[in-house]
Each structure stands twice: as C-alpha cells, then as structure tokens.
$ cat protein_19.pdb   # PDB, C-alpha atoms, pLDDT in the B column
ATOM      1  CA  MET U 382      66.331  82.100 179.775  1.00 88.00           C
ATOM      2  CA  ARG U 383      65.508  79.137 177.549  1.00 93.00           C
ATOM      3  CA  GLU U 384      63.411  79.477 174.415  1.00 96.00           C
ATOM      4  CA  LEU U 385      59.998  77.858 174.677  1.00 96.00           C
ATOM      5  CA  THR U 386      59.076  76.494 171.263  1.00 97.00           C
ATOM      6  CA  PRO U 387      55.623  75.101 170.425  1.00 97.00           C
ATOM      7  CA  GLU U 388      57.239  71.636 170.299  1.00 98.00           C
ATOM      8  CA  ILE U 389      58.694  71.980 173.799  1.00 97.00           C
ATOM      9  CA  ARG U 390      55.341  73.264 175.110  1.00 98.00           C
ATOM     10  CA  GLU U 391      53.580  70.207 173.644  1.00 98.00           C
ATOM     11  CA  GLU U 392      56.289  67.904 175.067  1.00 97.00           C
ATOM     12  CA  ILE U 393      55.790  69.440 178.534  1.00 97.00           C
ATOM     13  CA  LYS U 394      51.987  69.118 178.240  1.00 98.00           C
ATOM     14  CA  ASP U 395      52.289  65.458 177.216  1.00 97.00           C
ATOM     15  CA  MET U 396      54.693  64.726 180.087  1.00 97.00           C
ATOM     16  CA  ILE U 397      52.277  66.299 182.591  1.00 97.00           C
ATOM     17  CA  PHE U 398      49.182  64.574 181.201  1.00 98.00           C
ATOM     18  CA  ASP U 399      50.989  61.201 181.051  1.00 98.00           C
ATOM     19  CA  TYR U 400      52.146  61.619 184.634  1.00 97.00           C
ATOM     20  CA  TYR U 401      48.697  62.525 185.994  1.00 97.00           C
ATOM     21  CA  ALA U 402      47.011  59.763 183.996  1.00 97.00           C
ATOM     22  CA  GLU U 403      49.362  57.146 185.422  1.00 96.00           C
ATOM     23  CA  GLU U 404      49.482  58.427 189.003  1.00 95.00           C
ATOM     24  CA  CYS U 405      45.736  59.103 189.257  1.00 96.00           C
ATOM     25  CA  GLU U 406      44.797  55.947 187.334  1.00 96.00           C
ATOM     26  CA  VAL U 407      42.711  57.672 184.671  1.00 97.00           C
ATOM     27  CA  GLU U 408      42.838  57.542 180.899  1.00 97.00           C
ATOM     28  CA  LYS U 409      44.938  60.339 179.435  1.00 97.00           C
ATOM     29  CA  ASP U 410      42.118  61.329 177.064  1.00 96.00           C
ATOM     30  CA  GLU U 411      39.881  61.990 180.107  1.00 97.00           C
ATOM     31  CA  ILE U 412      42.180  64.849 181.130  1.00 98.00           C
ATOM     32  CA  THR U 413      41.592  68.247 179.531  1.00 98.00           C
ATOM     33  CA  MET U 414      43.169  71.650 179.989  1.00 98.00           C
ATOM     34  CA  GLU U 415      40.144  72.541 182.158  1.00 98.00           C
ATOM     35  CA  THR U 416      40.561  69.538 184.497  1.00 98.00           C
ATOM     36  CA  ASN U 417      41.242  70.500 188.119  1.00 97.00           C
ATOM     37  CA  PRO U 418      44.189  68.358 189.296  1.00 96.00           C
ATOM     38  CA  GLN U 419      43.088  68.258 192.943  1.00 95.00           C
ATOM     39  CA  ASN U 420      39.295  68.064 192.642  1.00 96.00           C
ATOM     40  CA  ASP U 421      38.951  66.027 189.439  1.00 97.00           C
ATOM     41  CA  LEU U 422      42.023  63.800 189.665  1.00 96.00           C
ATOM     42  CA  GLY U 423      42.663  63.605 193.398  1.00 94.00           C
ATOM     43  CA  SER U 424      46.265  64.773 193.085  1.00 94.00           C
ATOM     44  CA  ASP U 425      48.264  66.028 196.035  1.00 89.00           C
ATOM     45  CA  SER U 426      51.296  68.210 196.673  1.00 86.00           C
ATOM     46  CA  LEU U 427      53.684  65.240 196.729  1.00 91.00           C
ATOM     47  CA  MET U 428      52.710  64.383 193.157  1.00 93.00           C
ATOM     48  CA  PHE U 429      53.409  67.963 192.194  1.00 88.00           C
ATOM     49  CA  VAL U 430      56.874  67.796 193.777  1.00 91.00           C
ATOM     50  CA  GLU U 431      57.594  64.560 191.879  1.00 94.00           C
ATOM     51  CA  LEU U 432      56.562  66.248 188.642  1.00 94.00           C
ATOM     52  CA  ILE U 433      58.923  69.153 189.363  1.00 93.00           C
ATOM     53  CA  GLU U 434      61.753  66.679 189.968  1.00 94.00           C
ATOM     54  CA  MET U 435      60.936  64.849 186.719  1.00 94.00           C
ATOM     55  CA  THR U 436      61.063  68.146 184.847  1.00 94.00           C
ATOM     56  CA  ALA U 437      64.384  69.070 186.448  1.00 94.00           C
ATOM     57  CA  ASP U 438      65.857  65.707 185.438  1.00 95.00           C
ATOM     58  CA  LYS U 439      64.438  65.753 181.919  1.00 94.00           C
ATOM     59  CA  TYR U 440      65.716  69.232 181.092  1.00 95.00           C
ATOM     60  CA  ASP U 441      68.870  69.118 183.241  1.00 94.00           C
ATOM     61  CA  MET U 442      67.785  71.970 185.488  1.00 94.00           C
ATOM     62  CA  ASP U 443      68.474  72.878 189.108  1.00 91.00           C
ATOM     63  CA  ILE U 444      65.027  73.814 190.385  1.00 91.00           C
ATOM     64  CA  LYS U 445      64.530  75.086 193.920  1.00 91.00           C
ATOM     65  CA  LEU U 446      61.169  74.124 195.409  1.00 89.00           C
ATOM     66  CA  GLN U 447      61.202  77.340 197.438  1.00 91.00           C
ATOM     67  CA  ALA U 448      61.185  79.432 194.235  1.00 89.00           C
ATOM     68  CA  ILE U 449      58.319  77.380 192.801  1.00 90.00           C
ATOM     69  CA  GLY U 450      56.409  77.665 196.076  1.00 88.00           C
ATOM     70  CA  LYS U 451      56.719  81.468 196.051  1.00 89.00           C
ATOM     71  CA  TYR U 452      55.416  81.555 192.487  1.00 89.00           C
ATOM     72  CA  MET U 453      52.490  79.299 193.401  1.00 88.00           C
ATOM     73  CA  LEU U 454      51.455  81.622 196.236  1.00 88.00           C
ATOM     74  CA  LYS U 455      50.790  84.263 193.577  1.00 89.00           C
ATOM     75  CA  THR U 456      49.447  81.896 190.943  1.00 89.00           C
ATOM     76  CA  PRO U 457      47.148  79.047 192.041  1.00 84.00           C
ATOM     77  CA  MET U 458      47.053  75.824 190.009  1.00 89.00           C
ATOM     78  CA  ASP U 459      43.296  75.415 189.473  1.00 94.00           C
ATOM     79  CA  THR U 460      43.370  73.771 186.042  1.00 97.00           C
ATOM     80  CA  MET U 461      45.711  71.640 183.984  1.00 98.00           C
ATOM     81  CA  SER U 462      46.169  74.721 181.799  1.00 97.00           C
ATOM     82  CA  ASP U 463      47.606  76.529 184.863  1.00 96.00           C
ATOM     83  CA  VAL U 464      49.900  73.567 185.555  1.00 96.00           C
ATOM     84  CA  VAL U 465      51.145  73.409 181.948  1.00 97.00           C
ATOM     85  CA  ASP U 466      51.709  77.185 181.903  1.00 96.00           C
ATOM     86  CA  MET U 467      53.684  77.015 185.137  1.00 94.00           C
ATOM     87  CA  PHE U 468      55.881  74.162 183.922  1.00 96.00           C
ATOM     88  CA  CYS U 469      56.530  76.048 180.695  1.00 96.00           C
ATOM     89  CA  LYS U 470      57.639  79.017 182.809  1.00 95.00           C
ATOM     90  CA  ILE U 471      59.829  76.713 184.901  1.00 94.00           C
ATOM     91  CA  TYR U 472      61.403  75.517 181.647  1.00 96.00           C
ATOM     92  CA  GLN U 473      61.920  79.087 180.437  1.00 95.00           C
ATOM     93  CA  TYR U 474      62.954  80.861 183.636  1.00 94.00           C
ATOM     94  CA  GLY U 475      64.033  78.176 186.103  1.00 92.00           C
ATOM     95  CA  ASN U 476      64.317  79.581 189.601  1.00 88.00           C
ATOM     96  CA  ASP U 477      63.679  83.090 188.278  1.00 92.00           C
ATOM     97  CA  ILE U 478      60.028  82.076 187.826  1.00 89.00           C
ATOM     98  CA  VAL U 479      59.265  83.896 191.067  1.00 80.00           C
ATOM     99  CA  ASN U 480      60.069  87.183 189.299  1.00 85.00           C
ATOM    100  CA  GLN U 481      57.666  86.522 186.432  1.00 81.00           C
TER
END
$ encode --input "protein_19.pdb" --output "structure tokens"
Amino acid sequence: MRELTPEIREEIKDMIFDYYAEECEVEKDEITMETNPQNDLGSDSLMFVELIEMTADKYDMDIKLQAIGKYMLKTPMDTMSDVVDMFCKIYQYGNDIVNQ
C-alpha cells in the first residue's frame, strides 16, 4: 500500500480536473467536486479508461481494469469527488481496491 499524502491527493485532483477540462472542452474552474462527470461534462467510459491509463503511467502502476470495474459496481462515480476518491484509492491500493 502506498501512502496518500495531502500533496499527492491534490496532484491527483489536479490531474483529473485538467483531463476533464481538456477532453470536455470546459474551463477547469467550471468543474467542482460536485460536478457530475457524465451529466454535466458529457464524459464517457472511454475517457475514464484513458484516465486510468494516465494514472498507471504517471505513478508506474500495473492497474487491471477488471479490478477497477468490480470496485465501480459497488461505488458509483456520481460526482468529481467520487472520481477523485476512487483515483486516490487506486493510488493507495492498486488492484486491491476491490477489497476496500
């Protein structure tokens, strides 16, 4: 398990917000923790997969989409806060996220 510091959490949040702002063609400051990625930004599952791959590359992790998918069945991603929390858990637990 990796330690999740406040700095890493903020770095992950910034990476996610930057990604959604660019891909959804909105200003980053228009995105809040309450923003719904699908309804408010028009994101789709492919964007989510790309974000997982970016995270894996950035933090040199081997992330299995199947493990993330199992976690998401239990924990829907309704807000950007949910997305940030999940990516922080991916950082901390990797493929063991499904057991969290």
$ residues_around --input "protein_19.pdb" --residues "Asp441 of chain U" --least-positions-apart "5" --cutoff "10 Å" --atoms "all atoms listed in the file" --output "list of chain:residue names"
U:Met435, U:Thr436, U:Tyr472
$ resolve_selection --input "protein_19.pdb" --expression "the PyMOL selection byres ((chain U and resi 383) around 7)" --output "ChimeraX atom specification"
/U:382,384-385,472-474
$ atom_distance --input "protein_19.pdb" --atom1 "atom CA of Thr413 of chain U" --atom2 "atom CA of Arg390 of chain U"
15.3 Å
$ closest_residue --input "protein_19.pdb" --among "U:Ser462, U:Asn476, U:Gln419, U:Ser424" --to "Ala437 of chain U" --atoms "all atoms listed in the file"
U:Asn476
$ atom_distance --input "protein_19.pdb" --atom1 "atom CA of Tyr401 of chain U" --atom2 "atom CA of Val430 of chain U"
12.5 Å
$ atom_distance --input "protein_19.pdb" --atom1 "atom CA of Ile478 of chain U" --atom2 "atom CA of Ala448 of chain U"
7.0 Å
$ closest_residue --input "protein_19.pdb" --among "U:Asp425, U:Glu434, U:Met453, U:Glu408" --to "Met467 of chain U" --atoms "all atoms listed in the file"
U:Met453
$ closest_residue --input "protein_19.pdb" --among "U:Met461, U:Ile397, U:Leu454, U:Val407" --to "Leu432 of chain U" --atoms "only C-alpha atoms"
U:Ile397
$ resolve_selection --input "protein_19.pdb" --expression "the PyMOL selection byres ((chain U and resi 458) around 12)" --output "PyMOL selection string"
chain U and resi 414-420+424-426+429+449-450+452-457+459-468
$ axis_aligned_box --input "protein_19.pdb" --around "segment 413-429 of chain U" --padding-each-side "8 Å" --output "JSON"
{"center_x": 46.3, "center_y": 68.1, "center_z": 188.1, "size_x": 30.7, "size_y": 24.9, "size_z": 33.2}
$ closest_residue --input "protein_19.pdb" --among "U:Asp421, U:Glu406, U:Glu388, U:Glu411" --to "Cys469 of chain U" --atoms "all atoms listed in the file"
U:Glu388
$ resolve_selection --input "protein_19.pdb" --expression "the PyMOL selection byres ((chain U and resi 398) around 9)" --output "ChimeraX atom specification"
/U:393-397,399-403,409-410,412-413,461
$ closest_residue --input "protein_19.pdb" --among "U:Ile444, U:Ile389, U:Glu404, U:Lys439" --to "Gly423 of chain U" --atoms "all atoms listed in the file"
U:Glu404
